[in-house]
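Report on the following structure.
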Amino acid sequence: MTLSFWLTILTIAFLLALSAFFSGSETALTAASRAKIFQMANNGSRRALLVKTLISSRERLIGALLLGNNLVNILASSLATSVLITFFGDNGILFATVVMTLSVVIFSEVLPKTWAINRPEDFSLSVAPLIRPFVIILAPLTAIIQKLVHVLLRLIGVRSDTSRSGLTGAEEVRGTVELLHEEGEMIKRDRDMLGGLLDLSELEVSEIMVHRTAMLTLDCSAPTQQAINAVLESPYTRIPLYNDNPDEIIGVLHARDLLRALIKVNGDISKIDLASIAREPWFVPETTSAQSQLNAFLRRKSHFALVVDEYGEVQGIVTLEDILEEIVGEISDEHDTDLEGITRQSDGSWIVEGSLSIRDLNRALNLNLPDDEATTIAGLVIHEAKTIPEQGRQFTFHGLRIKILRKSLNRLTKLRITPVK
Ligand code: ATP
């Protein structure tokens, strides 16, 4: 065994170690969570900033790592073949192939990749300072290779748009939230809150408003005493006012304004003119997104709006609380009555109000009913049944058996929902 033999063996070992370094780095840098790295970089970590720069041009990074990896693998195999040929003649090729395949797979692929995949962020942070100069030096070569690959792909009809991940930022966050919840790292409540926040831009106020059929309004032409009693009995602070025609809202009566007016006239109800103390109504189109409505509420410092359709007809009420409830779930204050509308039965079924929104139902019962065709659960049943079903009818869809318990005119008011096993 000459000195040059041992030098070659040492070189092969060194090349295999380099190969392991490239393979591990490739796995770590592609698997590292962009969000975590971004956050670390924001917190001032210089290494995280390096990783962030590296993964921002992923194609260039992967190109350089693959180039380095293949270069050292092929060099190591060629050296091994030449050494073994001197000992075993032509059989050396076979021995070199077996020995190098096993060595490369075990030491330069599986081992470093398994290590890297278990701690992708830590691994990336450690190797980034070494990888960076390497990527810069090889940049011209990787650019040529990339160009060549793009041309070849185009020739066989594949479009290689690397900037396209197929998911929007919001969808990516939503996916991460769902994943964290499934893996047990995030409780349902936090998942719902983040999901609700992300949904705001896709929700229209018409989907979260209190429908006009459930709206408490007052006729200002009715006797004032009657109106005062209604205000006192109502759980609401702001009540839309109309004059004879309930479809024409002329103002919004605030309970506190009424109290102030009563004090001003020393309790003499006959001197109170409800229309004059009502505030100007704020009308918003039903297609406004919950996100823009939230911004508008915050900007105007007003928390109550009347939702109108394209013909200007009032369809319902939306308040700041309705939007916040999309994020945090049902909010109850001291005047709220129980709006839940869901009662669990001993047989595992639920009795629900038909007017309950699908979103609230999904949230409360952890279901996944679609809410793009209808807003309320009754609406969904009518959509699925393609007719207004009679009392007692039963349907099975989306993994649930739904029975119509009560119907009033054309409205399905009470339903029984049973999960189908
Ligand atoms: P505040 O909390 O400022 O006293 P509030 O309790 O009367 O006001 P909000 O907290 O703004 O009302 O809203 C609570 C819920 O009641 C929301 O779902 C809202 O749409 C609904 N709501 C408010 N006013 C009426 C009304 N006049 N008729 C029907 N629903 C209303």
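How things are named: the first chain in the structure tokens is A, the next is B, and so on; residues count from 1 in each chain; ligands count from 1 in the order shown.
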Taking the DSSP assignment computed from this structure's backbone, write out as a short mmCIF file (atom, residue, chain, number, x, y, z; two decimals) with all heavy atoms, in the first residue's frame all residues of segment 119-337 of chain A that belong to strand (DSSP E or B).
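The resulting file, states_27.cif, is shown below:
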```cif
data_model
loop_
_atom_site.label_atom_id
_atom_site.label_comp_id
_atom_site.auth_asym_id
_atom_site.auth_seq_id
_atom_site.Cartn_x
_atom_site.Cartn_y
_atom_site.Cartn_z
N GLU A 204 -68.89 38.59 2.93
CA GLU A 204 -69.62 39.83 2.66
C GLU A 204 -70.48 40.14 3.86
O GLU A 204 -70.90 39.21 4.58
CB GLU A 204 -70.50 39.65 1.42
CG GLU A 204 -69.65 39.55 0.17
CD GLU A 204 -70.49 39.49 -1.10
OE1 GLU A 204 -71.73 39.43 -1.00
OE2 GLU A 204 -69.89 39.51 -2.18
N VAL A 210 -77.47 40.73 10.80
CA VAL A 210 -78.71 40.23 11.39
C VAL A 210 -79.79 40.54 10.34
O VAL A 210 -79.95 41.70 9.94
CB VAL A 210 -79.00 40.96 12.72
CG1 VAL A 210 -80.40 40.68 13.18
CG2 VAL A 210 -77.99 40.52 13.76
N HIS A 211 -80.44 39.51 9.87
CA HIS A 211 -81.38 39.69 8.76
C HIS A 211 -82.56 40.58 9.18
O HIS A 211 -82.92 40.63 10.36
CB HIS A 211 -81.89 38.32 8.30
CG HIS A 211 -82.60 38.37 7.00
ND1 HIS A 211 -83.97 38.32 6.91
CD2 HIS A 211 -82.13 38.51 5.73
CE1 HIS A 211 -84.31 38.41 5.63
NE2 HIS A 211 -83.22 38.51 4.90
N LEU A 218 -88.48 50.50 15.20
CA LEU A 218 -89.59 51.19 15.86
C LEU A 218 -90.28 52.13 14.88
O LEU A 218 -89.61 52.75 14.04
CB LEU A 218 -89.05 52.03 17.02
CG LEU A 218 -88.68 51.30 18.31
CD1 LEU A 218 -88.14 52.31 19.31
CD2 LEU A 218 -89.91 50.59 18.89
N ASP A 219 -91.59 52.24 15.05
CA ASP A 219 -92.35 53.17 14.21
C ASP A 219 -92.46 54.48 14.98
O ASP A 219 -93.06 54.53 16.06
CB ASP A 219 -93.73 52.57 13.95
CG ASP A 219 -94.54 53.43 13.00
OD1 ASP A 219 -94.04 54.52 12.62
OD2 ASP A 219 -95.66 53.02 12.66
N ARG A 238 -79.19 50.35 20.01
CA ARG A 238 -79.51 51.17 18.83
C ARG A 238 -80.68 50.52 18.06
O ARG A 238 -80.60 49.34 17.74
CB ARG A 238 -78.29 51.29 17.91
CG ARG A 238 -77.13 51.97 18.59
CD ARG A 238 -75.84 51.76 17.84
NE ARG A 238 -74.72 52.09 18.68
CZ ARG A 238 -74.16 51.22 19.53
NH1 ARG A 238 -74.61 50.00 19.65
NH2 ARG A 238 -73.15 51.60 20.28
N ILE A 239 -81.68 51.32 17.80
CA ILE A 239 -82.87 50.75 17.14
C ILE A 239 -83.25 51.61 15.93
O ILE A 239 -83.48 52.82 16.07
CB ILE A 239 -84.05 50.67 18.14
CG1 ILE A 239 -83.60 49.79 19.33
CG2 ILE A 239 -85.29 50.10 17.48
CD1 ILE A 239 -84.54 49.76 20.47
N PRO A 240 -83.29 51.00 14.76
CA PRO A 240 -83.67 51.76 13.56
C PRO A 240 -85.13 52.25 13.66
O PRO A 240 -86.00 51.53 14.15
CB PRO A 240 -83.50 50.75 12.43
CG PRO A 240 -82.60 49.71 12.98
CD PRO A 240 -82.91 49.62 14.44
N LEU A 241 -85.35 53.46 13.18
CA LEU A 241 -86.69 54.07 13.22
C LEU A 241 -87.26 54.19 11.83
O LEU A 241 -86.52 54.48 10.88
CB LEU A 241 -86.57 55.50 13.76
CG LEU A 241 -86.47 55.75 15.25
CD1 LEU A 241 -86.57 57.26 15.48
CD2 LEU A 241 -87.57 55.03 16.00
N TYR A 242 -88.56 53.97 11.70
CA TYR A 242 -89.21 54.23 10.42
C TYR A 242 -90.47 55.03 10.68
O TYR A 242 -90.94 55.15 11.83
CB TYR A 242 -89.52 52.92 9.68
CG TYR A 242 -90.47 51.98 10.40
CD1 TYR A 242 -91.86 52.07 10.21
CD2 TYR A 242 -89.99 51.01 11.28
CE1 TYR A 242 -92.72 51.21 10.87
CE2 TYR A 242 -90.86 50.15 11.94
CZ TYR A 242 -92.23 50.25 11.73
OH TYR A 242 -93.08 49.42 12.40
N ILE A 249 -86.10 53.29 6.51
CA ILE A 249 -85.50 53.66 7.80
C ILE A 249 -85.09 55.14 7.74
O ILE A 249 -84.35 55.55 6.82
CB ILE A 249 -84.27 52.77 8.10
CG1 ILE A 249 -84.66 51.29 8.10
CG2 ILE A 249 -83.61 53.17 9.42
CD1 ILE A 249 -85.66 50.86 9.15
N ILE A 250 -85.57 55.91 8.72
CA ILE A 250 -85.27 57.34 8.66
C ILE A 250 -84.18 57.75 9.66
O ILE A 250 -83.63 58.84 9.60
CB ILE A 250 -86.54 58.19 8.90
CG1 ILE A 250 -87.17 57.77 10.24
CG2 ILE A 250 -87.53 58.03 7.76
CD1 ILE A 250 -88.09 58.82 10.80
N GLY A 251 -83.88 56.87 10.61
CA GLY A 251 -82.85 57.21 11.59
C GLY A 251 -82.61 56.05 12.53
O GLY A 251 -83.26 55.01 12.43
N VAL A 252 -81.63 56.23 13.42
CA VAL A 252 -81.34 55.17 14.40
C VAL A 252 -81.44 55.78 15.80
O VAL A 252 -80.75 56.76 16.11
CB VAL A 252 -79.94 54.57 14.17
CG1 VAL A 252 -79.62 53.53 15.24
CG2 VAL A 252 -79.83 53.95 12.79
N LEU A 253 -82.31 55.20 16.60
CA LEU A 253 -82.50 55.72 17.96
C LEU A 253 -81.52 55.05 18.91
O LEU A 253 -81.48 53.82 18.99
CB LEU A 253 -83.95 55.43 18.40
CG LEU A 253 -84.31 55.92 19.79
CD1 LEU A 253 -84.28 57.45 19.86
CD2 LEU A 253 -85.69 55.41 20.20
N HIS A 254 -80.75 55.89 19.61
CA HIS A 254 -79.79 55.35 20.58
C HIS A 254 -80.45 55.49 21.96
O HIS A 254 -80.95 56.57 22.31
CB HIS A 254 -78.49 56.15 20.51
CG HIS A 254 -77.34 55.47 21.19
ND1 HIS A 254 -77.32 55.25 22.53
CD2 HIS A 254 -76.19 54.96 20.69
CE1 HIS A 254 -76.18 54.62 22.84
NE2 HIS A 254 -75.49 54.44 21.73
N ARG A 279 -80.34 59.38 15.24
CA ARG A 279 -79.12 59.73 14.50
C ARG A 279 -79.28 59.34 13.04
O ARG A 279 -80.06 58.47 12.70
CB ARG A 279 -77.92 58.99 15.08
CG ARG A 279 -77.70 59.35 16.52
CD ARG A 279 -76.51 58.63 17.08
NE ARG A 279 -76.40 58.94 18.51
CZ ARG A 279 -75.30 58.76 19.22
NH1 ARG A 279 -74.23 58.27 18.65
NH2 ARG A 279 -75.27 59.08 20.49
N PHE A 283 -75.92 53.66 5.75
CA PHE A 283 -76.25 52.53 4.88
C PHE A 283 -75.00 52.01 4.19
O PHE A 283 -74.19 52.80 3.69
CB PHE A 283 -77.27 52.95 3.81
CG PHE A 283 -78.58 53.39 4.40
CD1 PHE A 283 -78.91 54.74 4.46
CD2 PHE A 283 -79.49 52.47 4.88
CE1 PHE A 283 -80.12 55.16 5.00
CE2 PHE A 283 -80.71 52.88 5.42
CZ PHE A 283 -81.02 54.23 5.48
N VAL A 284 -74.85 50.68 4.17
CA VAL A 284 -73.69 50.11 3.46
C VAL A 284 -74.18 49.02 2.52
O VAL A 284 -75.14 48.31 2.84
CB VAL A 284 -72.63 49.52 4.44
CG1 VAL A 284 -72.05 50.58 5.33
CG2 VAL A 284 -73.21 48.38 5.26
N PRO A 285 -73.55 48.89 1.34
CA PRO A 285 -73.99 47.84 0.40
C PRO A 285 -73.73 46.44 0.96
O PRO A 285 -72.74 46.23 1.66
CB PRO A 285 -73.12 48.08 -0.84
CG PRO A 285 -72.36 49.34 -0.61
CD PRO A 285 -72.41 49.67 0.83
N SER A 289 -67.08 43.84 1.88
CA SER A 289 -66.43 42.73 2.60
C SER A 289 -66.37 43.07 4.10
O SER A 289 -66.32 44.25 4.47
CB SER A 289 -65.03 42.49 2.08
OG SER A 289 -64.14 43.44 2.59
N PHE A 304 -72.45 50.73 14.02
CA PHE A 304 -73.76 50.21 13.65
C PHE A 304 -74.07 50.67 12.22
O PHE A 304 -74.01 51.87 11.92
CB PHE A 304 -74.79 50.79 14.64
CG PHE A 304 -76.19 50.30 14.46
CD1 PHE A 304 -76.68 49.27 15.25
CD2 PHE A 304 -77.04 50.89 13.53
CE1 PHE A 304 -77.99 48.84 15.11
CE2 PHE A 304 -78.35 50.46 13.38
CZ PHE A 304 -78.83 49.43 14.19
N ALA A 305 -74.40 49.75 11.34
CA ALA A 305 -74.73 50.15 9.97
C ALA A 305 -75.91 49.32 9.46
O ALA A 305 -76.12 48.18 9.89
CB ALA A 305 -73.53 49.94 9.06
N LEU A 306 -76.66 49.93 8.56
CA LEU A 306 -77.79 49.23 7.95
C LEU A 306 -77.32 48.72 6.59
O LEU A 306 -76.72 49.48 5.82
CB LEU A 306 -78.97 50.18 7.79
CG LEU A 306 -79.62 50.53 9.13
CD1 LEU A 306 -80.19 51.92 9.12
CD2 LEU A 306 -80.69 49.51 9.47
N VAL A 307 -77.60 47.45 6.34
CA VAL A 307 -77.12 46.84 5.10
C VAL A 307 -78.21 46.94 4.04
O VAL A 307 -79.36 46.57 4.29
CB VAL A 307 -76.76 45.35 5.36
CG1 VAL A 307 -76.24 44.70 4.10
CG2 VAL A 307 -75.75 45.24 6.49
N VAL A 308 -77.85 47.47 2.86
CA VAL A 308 -78.86 47.59 1.80
C VAL A 308 -78.46 46.78 0.58
O VAL A 308 -77.27 46.56 0.34
CB VAL A 308 -79.07 49.08 1.38
CG1 VAL A 308 -79.74 49.86 2.47
CG2 VAL A 308 -77.76 49.73 0.97
N VAL A 314 -83.35 47.97 2.69
CA VAL A 314 -82.65 47.51 3.87
C VAL A 314 -82.79 45.99 4.00
O VAL A 314 -83.90 45.45 3.95
CB VAL A 314 -83.20 48.22 5.13
CG1 VAL A 314 -82.58 47.62 6.39
CG2 VAL A 314 -82.90 49.70 5.07
N GLN A 315 -81.65 45.31 4.15
CA GLN A 315 -81.66 43.85 4.27
C GLN A 315 -81.33 43.37 5.68
O GLN A 315 -81.61 42.24 6.04
CB GLN A 315 -80.65 43.23 3.30
CG GLN A 315 -80.98 43.46 1.84
CD GLN A 315 -82.33 42.86 1.49
OE1 GLN A 315 -82.64 41.74 1.86
NE2 GLN A 315 -83.15 43.64 0.80
N GLY A 316 -80.69 44.26 6.46
CA GLY A 316 -80.33 43.85 7.82
C GLY A 316 -79.44 44.87 8.50
O GLY A 316 -79.28 45.99 8.02
N ILE A 317 -78.87 44.41 9.62
CA ILE A 317 -78.00 45.27 10.44
C ILE A 317 -76.65 44.60 10.57
O ILE A 317 -76.58 43.38 10.76
CB ILE A 317 -78.58 45.39 11.87
CG1 ILE A 317 -79.83 46.22 11.89
CG2 ILE A 317 -77.54 45.95 12.83
CD1 ILE A 317 -80.48 46.20 13.28
N VAL A 318 -75.60 45.38 10.48
CA VAL A 318 -74.30 44.81 10.82
C VAL A 318 -73.64 45.74 11.84
O VAL A 318 -73.73 46.96 11.72
CB VAL A 318 -73.41 44.59 9.57
CG1 VAL A 318 -72.98 45.88 8.90
CG2 VAL A 318 -72.18 43.76 9.94
N THR A 319 -73.08 45.13 12.88
CA THR A 319 -72.42 45.94 13.91
C THR A 319 -70.98 45.44 14.06
O THR A 319 -70.63 44.36 13.59
CB THR A 319 -73.12 45.83 15.27
OG1 THR A 319 -72.93 44.50 15.76
CG2 THR A 319 -74.58 46.14 15.18
#
```
Just list the residues in segment 60-112 of chain A DSSP gives alpha helix (DSSP H) on the backbone, as an MDAnalysis selection string.
-> chainID A and resid 60:88 91:103 111:112
Which of these residues is nearest to ligand 1, using only C-alpha atoms and all ligand atoms: A:Met100, A:Leu324, A:Ile228, A:Leu66?
->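 Nearest candidate to ligand 1 out of A:Met100, A:Leu324, A:Ile228, A:Leu66: A:Leu324.
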Which residues come within 10 Å of Gly63 of chain A, counting only C-alpha atoms, excluding same-chain residues fewer than 4 positions away, as a list of chain:residue names?
->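 Residues meeting the cut-off are A:Glu26, A:Arg58, A:Glu59, A:Leu67, A:Gly68, A:Asn69, A:Val135, A:Leu138, A:Ala139, A:Leu141, A:Thr142, A:Ala143, A:Ile145, A:Gln146.
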May I have the residues within 10 Å of His303 of chain A as a list in words, using only C-alpha atoms and disregarding those fewer than 4 positions away in the same chain?
->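 So the residues in contact are Arg238, Trp282, Gln293, Leu294, Ala296, Phe297, Leu298, Val318, Thr319, Leu320, Glu321 and Asp322 of chain A.
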Of the candidates A:Gly24, A:Ile377, A:Ile136, A:Ser57, which shows the shortest atom-to-atom distance to Asp122 of chain A, using only C-alpha atoms?
->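 That would be A:Gly24, the residue with the smallest distance to Asp122 of chain A.
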Spatial neighbours of segment 35-37 of chain A, 10 Å, only C-alpha atoms, chain gap at least 3 places, as a short mmCIF file (atom, residue, chain, number, x, y, z; two decimals) with C-alpha atoms, in the first residue's frame:
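Output below, filename result.cif:
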```
data_model
loop_
_atom_site.label_atom_id
_atom_site.label_comp_id
_atom_site.auth_asym_id
_atom_site.auth_seq_id
_atom_site.Cartn_x
_atom_site.Cartn_y
_atom_site.Cartn_z
CA ALA A 32 -36.77 25.14 6.72
CA MET A 40 -35.71 35.09 13.39
CA ALA A 41 -34.32 37.51 10.79
CA ASN A 42 -36.77 40.16 12.01
CA ASN A 43 -35.53 39.55 15.53
CA SER A 45 -30.38 37.07 13.68
CA ARG A 47 -27.58 33.97 10.11
CA ALA A 48 -31.35 33.85 9.65
CA LEU A 49 -31.01 36.84 7.33
CA LEU A 50 -28.43 34.85 5.35
CA VAL A 51 -30.78 31.85 5.13
CA LYS A 52 -33.61 34.16 4.10
CA ILE A 55 -33.97 30.64 0.05
CA GLU A 121 -33.86 25.52 10.76
CA ASP A 122 -30.85 24.81 13.03
CA SER A 124 -29.73 25.81 7.78
CA LEU A 125 -28.46 28.42 10.22
CA VAL A 173 -51.31 30.58 6.57
#
```
Closest of A:Lys264, A:Lys188, A:Arg174, A:Arg256 to Ala278 of chain A - atom-to-atom distances counting only C-alpha atoms =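 Closest residue, counting only C-alpha atoms: A:Arg256.
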Counting only C-alpha atoms and all ligand atoms, the residue among A:Ala364, A:Leu232, A:Ile106, A:Ala64 that lies closest to ligand 1 is A:Leu232
